[in-house]
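A.B. asks: PDB, C-alpha atoms, saved as coords_11.pdb, coming up:
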```pdb
MODEL        1
ATOM      1  CA  MET B1195     270.754 158.521 -30.259
ATOM      2  CA  ASN B1196     269.338 161.360 -32.372
ATOM      3  CA  ILE B1197     266.310 162.339 -30.258
ATOM      4  CA  PRO B1198     264.810 164.913 -32.697
ATOM      5  CA  LYS B1199     265.048 162.376 -35.543
ATOM      6  CA  LEU B1200     263.413 159.705 -33.370
ATOM      7  CA  ILE B1201     260.574 162.086 -32.463
ATOM      8  CA  THR B1202     260.052 163.005 -36.128
ATOM      9  CA  GLU B1203     260.053 159.368 -37.247
ATOM     10  CA  THR B1204     257.631 158.409 -34.465
ATOM     11  CA  ALA B1205     255.279 161.268 -35.413
ATOM     12  CA  ILE B1206     255.269 160.050 -39.036
ATOM     13  CA  LEU B1207     254.911 156.352 -38.208
ATOM     14  CA  ALA B1208     252.500 156.471 -35.262
ATOM     15  CA  PRO B1209     249.226 157.393 -37.087
ATOM     16  CA  PRO B1210     249.484 154.744 -39.859
ATOM     17  CA  PHE B1211     250.754 152.176 -37.367
ATOM     18  CA  LEU B1212     247.838 152.769 -34.983
ATOM     19  CA  LEU B1213     245.349 152.681 -37.856
ATOM     20  CA  ALA B1214     246.876 149.490 -39.254
ATOM     21  CA  LEU B1215     246.731 147.676 -35.912
ATOM     22  CA  THR B1216     243.224 148.942 -35.171
ATOM     23  CA  MET B1217     241.834 147.844 -38.541
ATOM     24  CA  HIS B1218     243.606 144.494 -38.277
ATOM     25  CA  GLU B1219     242.051 143.616 -34.923
ATOM     26  CA  LEU B1220     238.695 145.181 -35.787
ATOM     27  CA  ALA B1221     238.554 142.968 -38.897
ATOM     28  CA  HIS B1222     239.176 139.860 -36.787
ATOM     29  CA  GLY B1223     236.431 140.845 -34.360
ATOM     30  CA  TYR B1224     233.984 141.903 -37.068
ATOM     31  CA  VAL B1225     234.251 138.630 -38.997
ATOM     32  CA  ALA B1226     233.936 136.599 -35.780
ATOM     33  CA  ASP B1227     230.878 138.666 -34.851
ATOM     34  CA  ARG B1228     229.324 138.088 -38.276
ATOM     35  CA  LEU B1229     229.921 134.360 -37.872
ATOM     36  CA  GLY B1230     227.973 134.361 -34.608
ATOM     37  CA  ASP B1231     230.628 134.923 -31.938
ATOM     38  CA  PRO B1232     229.687 137.884 -29.671
ATOM     39  CA  THR B1233     232.924 137.706 -27.617
ATOM     40  CA  ALA B1234     234.720 140.615 -29.279
ATOM     41  CA  ARG B1235     231.618 142.811 -29.131
ATOM     42  CA  ALA B1236     231.105 142.006 -25.436
ATOM     43  CA  ALA B1237     234.763 142.888 -24.769
ATOM     44  CA  GLY B1238     234.344 146.292 -26.457
ATOM     45  CA  ARG B1239     236.765 145.394 -29.248
ATOM     46  CA  LEU B1240     234.514 146.240 -32.203
ATOM     47  CA  THR B1241     235.753 149.810 -32.119
ATOM     48  CA  MET B1242     238.052 152.179 -34.017
ATOM     49  CA  ASN B1243     239.531 153.367 -30.717
ATOM     50  CA  PRO B1244     243.200 152.251 -30.927
ATOM     51  CA  LEU B1245     243.586 152.302 -27.153
ATOM     52  CA  LYS B1246     241.287 149.272 -26.969
ATOM     53  CA  HIS B1247     243.626 147.282 -29.208
ATOM     54  CA  LEU B1248     247.147 148.329 -28.224
ATOM     55  CA  ASP B1249     249.600 145.942 -26.636
ATOM     56  CA  PRO B1250     252.335 147.957 -24.835
ATOM     57  CA  LEU B1251     255.007 145.362 -25.628
ATOM     58  CA  GLY B1252     253.938 145.260 -29.290
ATOM     59  CA  VAL B1253     254.218 149.055 -29.513
ATOM     60  CA  LEU B1254     257.659 148.974 -27.874
ATOM     61  CA  PHE B1255     258.849 146.336 -30.345
ATOM     62  CA  PHE B1256     257.605 148.480 -33.225
ATOM     63  CA  VAL B1257     259.516 151.534 -31.983
ATOM     64  CA  ILE B1258     262.708 149.477 -31.542
ATOM     65  CA  MET B1259     262.471 146.795 -34.233
ATOM     66  CA  LYS B1260     259.828 148.161 -36.618
ATOM     67  CA  ILE B1261     257.782 144.957 -36.104
ATOM     68  CA  GLY B1262     254.828 145.178 -33.738
ATOM     69  CA  TRP B1263     251.464 143.732 -32.844
ATOM     70  CA  ALA B1264     248.228 144.526 -31.032
ATOM     71  CA  LYS B1265     246.246 142.786 -28.302
ATOM     72  CA  PRO B1266     244.574 139.757 -29.918
ATOM     73  CA  VAL B1267     240.804 140.050 -30.207
ATOM     74  CA  PRO B1268     239.127 137.332 -28.104
ATOM     75  CA  VAL B1269     237.415 134.742 -30.290
ATOM     76  CA  ASN B1270     235.388 131.714 -29.215
ATOM     77  CA  PRO B1271     235.157 129.291 -32.168
ATOM     78  CA  SER B1272     232.530 127.183 -30.389
ATOM     79  CA  TYR B1273     229.981 129.741 -31.631
ATOM     80  CA  PHE B1274     230.845 128.936 -35.251
ATOM     81  CA  ARG B1275     228.916 126.298 -37.170
ATOM     82  CA  ARG B1276     232.225 125.126 -38.621
ATOM     83  CA  PRO B1277     234.860 126.075 -36.006
ATOM     84  CA  GLU B1278     237.994 125.276 -38.041
ATOM     85  CA  PHE B1279     236.726 127.036 -41.153
ATOM     86  CA  GLY B1280     235.416 129.958 -39.092
ATOM     87  CA  MET B1281     238.805 130.429 -37.432
ATOM     88  CA  MET B1282     240.478 130.438 -40.842
ATOM     89  CA  LEU B1283     238.169 133.233 -42.002
ATOM     90  CA  VAL B1284     238.737 135.217 -38.800
ATOM     91  CA  ALA B1285     242.511 134.767 -39.127
ATOM     92  CA  LEU B1286     242.549 135.885 -42.770
ATOM     93  CA  ALA B1287     240.442 138.967 -42.023
ATOM     94  CA  GLY B1288     243.269 140.832 -40.258
ATOM     95  CA  PRO B1289     245.908 140.533 -43.017
ATOM     96  CA  ALA B1290     243.194 141.219 -45.609
ATOM     97  CA  ALA B1291     242.331 144.491 -43.853
ATOM     98  CA  ASN B1292     246.010 145.491 -43.900
ATOM     99  CA  LEU B1293     246.313 144.637 -47.584
ATOM    100  CA  VAL B1294     243.289 146.831 -48.360
ATOM    101  CA  LEU B1295     244.825 149.667 -46.315
ATOM    102  CA  ALA B1296     248.107 149.284 -48.237
ATOM    103  CA  VAL B1297     246.284 149.596 -51.574
ATOM    104  CA  VAL B1298     244.246 152.589 -50.338
ATOM    105  CA  SER B1299     247.477 154.235 -49.124
ATOM    106  CA  VAL B1300     249.108 153.714 -52.535
ATOM    107  CA  VAL B1301     246.142 155.335 -54.276
ATOM    108  CA  ALA B1302     246.175 158.198 -51.754
ATOM    109  CA  VAL B1303     249.915 158.810 -52.325
ATOM    110  CA  LYS B1304     249.450 158.964 -56.088
ATOM    111  CA  VAL B1305     246.461 161.316 -55.797
ATOM    112  CA  VAL B1306     248.142 163.651 -53.286
ATOM    113  CA  VAL B1307     251.340 163.856 -55.371
ATOM    114  CA  ALA B1308     249.468 164.297 -58.666
ATOM    115  CA  VAL B1309     247.152 166.978 -57.283
ATOM    116  CA  PRO B1310     249.307 168.998 -54.831
ATOM    117  CA  LEU B1311     246.626 171.261 -53.397
ATOM    118  CA  LEU B1312     248.212 171.376 -49.934
ATOM    119  CA  PRO B1313     251.101 173.620 -48.843
ATOM    120  CA  GLY B1314     254.525 171.976 -48.631
ATOM    121  CA  MET B1315     254.631 172.031 -44.841
ATOM    122  CA  ILE B1316     251.562 169.755 -44.830
ATOM    123  CA  LEU B1317     252.107 167.929 -48.127
ATOM    124  CA  HIS B1318     255.571 166.516 -47.376
ATOM    125  CA  PRO B1319     254.723 164.978 -43.972
ATOM    126  CA  LEU B1320     251.439 163.642 -45.404
ATOM    127  CA  VAL B1321     253.204 161.928 -48.311
ATOM    128  CA  LYS B1322     255.746 160.418 -45.886
ATOM    129  CA  MET B1323     252.916 159.224 -43.653
ATOM    130  CA  LEU B1324     251.046 157.628 -46.558
ATOM    131  CA  ALA B1325     254.248 156.005 -47.837
ATOM    132  CA  ALA B1326     254.852 154.684 -44.307
ATOM    133  CA  SER B1327     251.303 153.348 -44.309
ATOM    134  CA  VAL B1328     252.057 151.358 -47.463
ATOM    135  CA  TRP B1329     255.149 149.801 -45.874
ATOM    136  CA  ILE B1330     253.535 149.188 -42.460
ATOM    137  CA  ASN B1331     250.447 147.505 -43.894
ATOM    138  CA  ILE B1332     252.429 145.325 -46.303
ATOM    139  CA  MET B1333     254.713 144.356 -43.421
ATOM    140  CA  LEU B1334     251.763 143.450 -41.188
ATOM    141  CA  THR B1335     250.104 141.492 -44.002
ATOM    142  CA  VAL B1336     253.199 139.424 -44.762
ATOM    143  CA  PHE B1337     254.342 139.074 -41.151
ATOM    144  CA  ASN B1338     250.963 137.892 -39.887
ATOM    145  CA  LEU B1339     250.620 135.347 -42.691
ATOM    146  CA  LEU B1340     253.804 133.558 -41.606
ATOM    147  CA  PRO B1341     252.829 130.067 -40.333
ATOM    148  CA  ILE B1342     254.412 130.645 -36.920
ATOM    149  CA  PRO B1343     252.061 130.236 -33.925
ATOM    150  CA  PRO B1344     250.254 132.329 -32.821
ATOM    151  CA  LEU B1345     250.336 134.459 -36.012
ATOM    152  CA  ASP B1346     247.313 134.421 -38.312
ATOM    153  CA  GLY B1347     249.090 132.266 -40.869
ATOM    154  CA  SER B1348     249.418 129.496 -38.300
ATOM    155  CA  ARG B1349     245.658 129.506 -37.711
ATOM    156  CA  VAL B1350     245.045 129.220 -41.454
ATOM    157  CA  LEU B1351     247.511 126.335 -41.740
ATOM    158  CA  LYS B1352     246.035 124.660 -38.655
ATOM    159  CA  GLY B1353     242.610 124.713 -40.292
ATOM    160  CA  LEU B1354     244.018 122.990 -43.379
ATOM    161  CA  LEU B1355     245.852 120.217 -41.520
ATOM    162  CA  PRO B1356     244.322 116.859 -40.481
ATOM    163  CA  LYS B1357     243.113 116.906 -36.866
ATOM    164  CA  GLY B1358     246.073 114.992 -35.431
ATOM    165  CA  LEU B1359     248.661 117.184 -37.120
ATOM    166  CA  ALA B1360     246.638 120.316 -36.327
ATOM    167  CA  ALA B1361     246.656 119.480 -32.604
ATOM    168  CA  ALA B1362     250.418 118.847 -32.614
ATOM    169  CA  TYR B1363     251.026 122.032 -34.572
ATOM    170  CA  GLY B1364     248.760 124.018 -32.237
ATOM    171  CA  SER B1365     250.786 122.859 -29.239
ATOM    172  CA  LEU B1366     253.683 124.985 -30.530
ATOM    173  CA  GLU B1367     251.705 128.144 -29.759
ATOM    174  CA  ARG B1368     252.984 128.356 -26.179
ATOM    175  CA  PHE B1369     256.493 128.673 -27.627
ATOM    176  CA  GLY B1370     255.446 131.124 -30.335
ATOM    177  CA  PHE B1371     256.972 134.240 -28.810
ATOM    178  CA  LEU B1372     260.296 132.456 -28.265
ATOM    179  CA  ILE B1373     260.244 131.160 -31.838
ATOM    180  CA  LEU B1374     259.644 134.674 -33.161
ATOM    181  CA  LEU B1375     262.496 136.054 -31.040
ATOM    182  CA  ALA B1376     264.800 133.332 -32.353
ATOM    183  CA  PHE B1377     263.793 134.137 -35.942
ATOM    184  CA  PHE B1378     264.466 137.824 -35.304
ATOM    185  CA  TYR B1379     267.820 137.527 -33.543
ATOM    186  CA  THR B1380     269.208 135.020 -36.042
ATOM    187  CA  GLY B1381     268.235 137.338 -38.900
ATOM    188  CA  LEU B1382     266.033 134.621 -40.401
ATOM    189  CA  LEU B1383     262.919 136.773 -40.068
ATOM    190  CA  ASN B1384     264.477 139.584 -42.109
ATOM    191  CA  ARG B1385     265.718 137.135 -44.742
ATOM    192  CA  ILE B1386     262.166 135.839 -45.130
ATOM    193  CA  LEU B1387     260.350 139.165 -44.955
ATOM    194  CA  ASN B1388     262.604 141.578 -46.855
ATOM    195  CA  PRO B1389     262.375 140.027 -50.353
ATOM    196  CA  ILE B1390     258.585 139.638 -50.037
ATOM    197  CA  LEU B1391     258.159 143.165 -48.683
ATOM    198  CA  SER B1392     260.347 144.645 -51.422
ATOM    199  CA  PHE B1393     258.467 142.781 -54.136
ATOM    200  CA  ALA B1394     255.014 143.650 -52.774
ATOM    201  CA  GLN B1395     255.882 147.297 -52.198
ATOM    202  CA  GLY B1396     257.420 147.583 -55.657
ATOM    203  CA  LEU B1397     254.379 145.913 -57.203
ATOM    204  CA  LEU B1398     251.945 148.269 -55.479
ATOM    205  CA  LEU B1399     254.024 151.386 -56.152
ATOM    206  CA  GLY B1400     254.758 150.364 -59.734
ATOM    207  CA  ARG B1401     258.511 149.925 -59.330
ATOM    208  CA  ASN B1402     258.816 146.324 -60.568
TER     209      ASN B1402
ENDMDL
END
```
Do you think you could lay out the structure here as structure tokens?

C.D. replies:
Amino acid sequence: MNIPKLITETAILAPPFLLALTMHELAHGYVADRLGDPTARAAGRLTMNPLKHLDPLGVLFFVIMKIGWAKPVPVNPSYFRRPEFGMMLVALAGPAANLVLAVVSVVAVKVVVAVPLLPGMILHPLVKMLAASVWINIMLTVFNLLPIPPLDGSRVLKGLLPKGLAAAYGSLERFGFLILLAFFYTGLLNRILNPILSFAQGLLLGRN
């Protein structure tokens, strides 16, 4: 293992990764709060402090597999006037926040490259960090929209299904982690994600 390379890569990836996870979970909590659920606020999760959102296992997976997650924000849909619809909005908020961050990162890359006012020793790592932010946020957007419990996409799909099917589908959530591991180790997850990630990244960066 090339330790210096690993340290360099981690230093480049860590800031955009932490920001992406923080904004993702903050968006979930903020939308739930706006819809009348005070649970996230009471738990101290409406904050930009990444330490409040980190899941140690999710961070470890990101370092090893480049796919990670944060601690889910607690949400109590019984506070919502329309629980199913409210949960759909809360679920969509996280990927939407990542998509916005991806677009902002693209704009920032183009501005920083077009107007190189910073010295090279700062400019080059900054451009790499912003480019990493594009990839990380697209990855989190696409990954979380997969309809695999307990990912956000599954909560959106659950809200669209008839009650009987939604209950049966929701029962898969206790196996969600095992399903994700199976998708990863069989290579199915990469086969699903890679074409979408490549297309989205190319579209945002103007390479398609």

A.B. asks: Might you spell out which residues the PyMOL selection byres ((chain B and resi 1380-1394) around 8) would select in the displayed file, as a list in words?

C.D. replies: Trp1329, Ile1332, Met1333, Val1336, Phe1337, Leu1374, Ala1376, Phe1377, Phe1378, Tyr1379, Gln1395, Gly1396, Leu1397, Leu1398 and Asn1402 of chain B

A.B. asks: So that I can see what lies close to region 1263-1278 of chain B, please list as a PyMOL selection string the residues with an atom at most 8 Å from it, counting all atoms listed in the file and leaving out residues fewer than 2 positions away in the same chain.

C.D. replies: chain B and resi 1215-1216+1219-1220+1222-1223+1226+1229-1231+1233-1234+1237+1239+1247-1249+1252-1253+1256+1261+1280-1282+1353

A.B. asks: CA of Gly1238 (chain B) and CA of Ser1299 (chain B) are how many Å apart?

C.D. replies: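 Computing it gives 27.4 Å between the two atoms.
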
A.B. asks: By how many Å are CA of Lys1322 (chain B) and CA of Met1217 (chain B) apart?

C.D. replies: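 Computing the Euclidean distance for CA of Lys1322 (chain B) and CA of Met1217 (chain B) yields 20.1 Å.
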
A.B. asks: At a cut-off of 6 Å around the point (247.6, 144.3, -45.3) (file coordinates), what residues fall inside when counting all atoms listed in the file? I'd like the answer as a PyMOL selection string.

C.D. replies: chain B and resi 1289-1294+1296+1331-1332+1334-1335

A.B. asks: Here's the selection I'm unsure about, the PyMOL selection byres ((chain B and resi 1344) around 10); applied to the file above, which residues does it give, as number ranges by chain?

C.D. replies: B: 1266, 1338, 1340-1343, 1345-1349, 1364, 1366-1371, 1374

A.B. asks: Check the smallest atom-to-atom distance from each of B:Ala1221, B:Ala1362, B:Val1257, B:Ile1197 to Arg1235 (chain B) using all atoms listed in the file, then report the winner.

C.D. replies: B:Ala1221

A.B. asks: How many Å lie between CA of Phe1279 (chain B) and CA of Asp1227 (chain B), rounded to one decimal?

C.D. replies: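 Here the two named atoms are 14.5 Å from each other.
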
A.B. asks: Which of these residues is nearest to Thr1204 (chain B), using all atoms listed in the file: B:Leu1355, B:Leu1295, B:Ile1258, B:Leu1245?

C.D. replies: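 Result for the nearest residue to Thr1204 (chain B): B:Ile1258.
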
A.B. asks: With distances taken over only C-alpha atoms, which residue among B:Leu1254, B:Val1303, B:Leu1283, B:Ala1308 lies nearest Leu1324 (chain B)?

C.D. replies: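 Distance minimum relative to Leu1324 (chain B) lands on B:Val1303.
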
A.B. asks: So, with all atoms listed in the file as the atoms that count, which of B:Phe1255, B:Tyr1363, B:Phe1211, B:Tyr1224 lies closest to Ala1285 (chain B)?

C.D. replies: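 Checking each candidate against Ala1285 (chain B), we get B:Tyr1224 as the closest.
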
A.B. asks: What are the centre and edge lengths in Å, to one decimal, of the axis-aligned box around all listed atoms of region 1248-1253 of chain B with 8 Å added on each side, as lines of an AutoDock Vina configuration file?

C.D. replies:
```
center_x = 251.1
center_y = 147.2
center_z = -27.2
size_x = 23.9
size_y = 19.8
size_z = 20.7
```

A.B. asks: Kindly add N, CA and C atoms to the incomplete region 1253-1277 of chain B and provide the output as a PDB file, keeping the file's coordinate frame.

C.D. replies:
```pdb
ATOM      1  N   VAL B1253     253.863 147.684 -29.124  1.00  0.00           N
ATOM      2  CA  VAL B1253     254.218 149.055 -29.513  1.00  0.00           C
ATOM      3  C   VAL B1253     255.709 149.285 -29.303  1.00  0.00           C
ATOM      4  N   LEU B1254     256.234 148.809 -28.171  1.00  0.00           N
ATOM      5  CA  LEU B1254     257.659 148.974 -27.874  1.00  0.00           C
ATOM      6  C   LEU B1254     258.512 148.278 -28.929  1.00  0.00           C
ATOM      7  N   PHE B1255     258.104 147.067 -29.321  1.00  0.00           N
ATOM      8  CA  PHE B1255     258.849 146.336 -30.345  1.00  0.00           C
ATOM      9  C   PHE B1255     258.823 147.093 -31.664  1.00  0.00           C
ATOM     10  N   PHE B1256     257.679 147.734 -31.971  1.00  0.00           N
ATOM     11  CA  PHE B1256     257.605 148.480 -33.225  1.00  0.00           C
ATOM     12  C   PHE B1256     258.559 149.667 -33.211  1.00  0.00           C
ATOM     13  N   VAL B1257     258.617 150.381 -32.095  1.00  0.00           N
ATOM     14  CA  VAL B1257     259.516 151.534 -31.983  1.00  0.00           C
ATOM     15  C   VAL B1257     260.975 151.087 -32.136  1.00  0.00           C
ATOM     16  N   ILE B1258     261.313 149.929 -31.540  1.00  0.00           N
ATOM     17  CA  ILE B1258     262.708 149.477 -31.542  1.00  0.00           C
ATOM     18  C   ILE B1258     263.051 148.679 -32.803  1.00  0.00           C
ATOM     19  N   MET B1259     262.155 147.754 -33.170  1.00  0.00           N
ATOM     20  CA  MET B1259     262.471 146.795 -34.233  1.00  0.00           C
ATOM     21  C   MET B1259     261.672 146.988 -35.509  1.00  0.00           C
ATOM     22  N   LYS B1260     260.703 147.911 -35.478  1.00  0.00           N
ATOM     23  CA  LYS B1260     259.828 148.161 -36.618  1.00  0.00           C
ATOM     24  C   LYS B1260     258.945 146.956 -36.964  1.00  0.00           C
ATOM     25  N   ILE B1261     258.739 146.061 -35.987  1.00  0.00           N
ATOM     26  CA  ILE B1261     257.782 144.957 -36.104  1.00  0.00           C
ATOM     27  C   ILE B1261     256.960 144.943 -34.819  1.00  0.00           C
ATOM     28  N   GLY B1262     255.647 145.104 -34.942  1.00  0.00           N
ATOM     29  CA  GLY B1262     254.828 145.178 -33.738  1.00  0.00           C
ATOM     30  C   GLY B1262     253.525 144.423 -33.888  1.00  0.00           C
ATOM     31  N   TRP B1263     252.736 144.442 -32.834  1.00  0.00           N
ATOM     32  CA  TRP B1263     251.464 143.732 -32.844  1.00  0.00           C
ATOM     33  C   TRP B1263     250.511 144.403 -31.855  1.00  0.00           C
ATOM     34  N   ALA B1264     249.254 144.003 -31.935  1.00  0.00           N
ATOM     35  CA  ALA B1264     248.228 144.526 -31.032  1.00  0.00           C
ATOM     36  C   ALA B1264     247.756 143.411 -30.110  1.00  0.00           C
ATOM     37  N   LYS B1265     246.869 143.776 -29.175  1.00  0.00           N
ATOM     38  CA  LYS B1265     246.246 142.786 -28.302  1.00  0.00           C
ATOM     39  C   LYS B1265     245.309 141.925 -29.145  1.00  0.00           C
ATOM     40  N   PRO B1266     245.465 140.596 -29.115  1.00  0.00           N
ATOM     41  CA  PRO B1266     244.574 139.757 -29.918  1.00  0.00           C
ATOM     42  C   PRO B1266     243.110 139.928 -29.495  1.00  0.00           C
ATOM     43  N   VAL B1267     242.242 139.997 -30.484  1.00  0.00           N
ATOM     44  CA  VAL B1267     240.804 140.050 -30.207  1.00  0.00           C
ATOM     45  C   VAL B1267     240.358 138.682 -29.702  1.00  0.00           C
ATOM     46  N   PRO B1268     239.595 138.641 -28.600  1.00  0.00           N
ATOM     47  CA  PRO B1268     239.127 137.332 -28.104  1.00  0.00           C
ATOM     48  C   PRO B1268     238.106 136.717 -29.060  1.00  0.00           C
ATOM     49  N   VAL B1269     238.314 135.460 -29.375  1.00  0.00           N
ATOM     50  CA  VAL B1269     237.415 134.742 -30.290  1.00  0.00           C
ATOM     51  C   VAL B1269     237.088 133.385 -29.677  1.00  0.00           C
ATOM     52  N   ASN B1270     235.827 133.016 -29.716  1.00  0.00           N
ATOM     53  CA  ASN B1270     235.388 131.714 -29.215  1.00  0.00           C
ATOM     54  C   ASN B1270     234.807 130.914 -30.380  1.00  0.00           C
ATOM     55  N   PRO B1271     235.616 130.011 -30.972  1.00  0.00           N
ATOM     56  CA  PRO B1271     235.157 129.291 -32.168  1.00  0.00           C
ATOM     57  C   PRO B1271     233.997 128.336 -31.918  1.00  0.00           C
ATOM     58  N   SER B1272     233.657 128.078 -30.654  1.00  0.00           N
ATOM     59  CA  SER B1272     232.530 127.183 -30.389  1.00  0.00           C
ATOM     60  C   SER B1272     231.210 127.784 -30.864  1.00  0.00           C
ATOM     61  N   TYR B1273     231.188 129.092 -31.099  1.00  0.00           N
ATOM     62  CA  TYR B1273     229.981 129.741 -31.631  1.00  0.00           C
ATOM     63  C   TYR B1273     229.822 129.493 -33.133  1.00  0.00           C
ATOM     64  N   PHE B1274     230.895 129.107 -33.806  1.00  0.00           N
ATOM     65  CA  PHE B1274     230.845 128.936 -35.251  1.00  0.00           C
ATOM     66  C   PHE B1274     230.227 127.596 -35.618  1.00  0.00           C
ATOM     67  N   ARG B1275     229.482 127.562 -36.705  1.00  0.00           N
ATOM     68  CA  ARG B1275     228.916 126.298 -37.170  1.00  0.00           C
ATOM     69  C   ARG B1275     230.016 125.340 -37.618  1.00  0.00           C
ATOM     70  N   ARG B1276     231.056 125.913 -38.211  1.00  0.00           N
ATOM     71  CA  ARG B1276     232.225 125.126 -38.621  1.00  0.00           C
ATOM     72  C   ARG B1276     233.452 125.784 -37.981  1.00  0.00           C
ATOM     73  N   PRO B1277     233.821 125.374 -36.770  1.00  0.00           N
ATOM     74  CA  PRO B1277     234.860 126.075 -36.006  1.00  0.00           C
ATOM     75  C   PRO B1277     236.194 126.243 -36.740  1.00  0.00           C
TER      76      PRO B1277
END
```
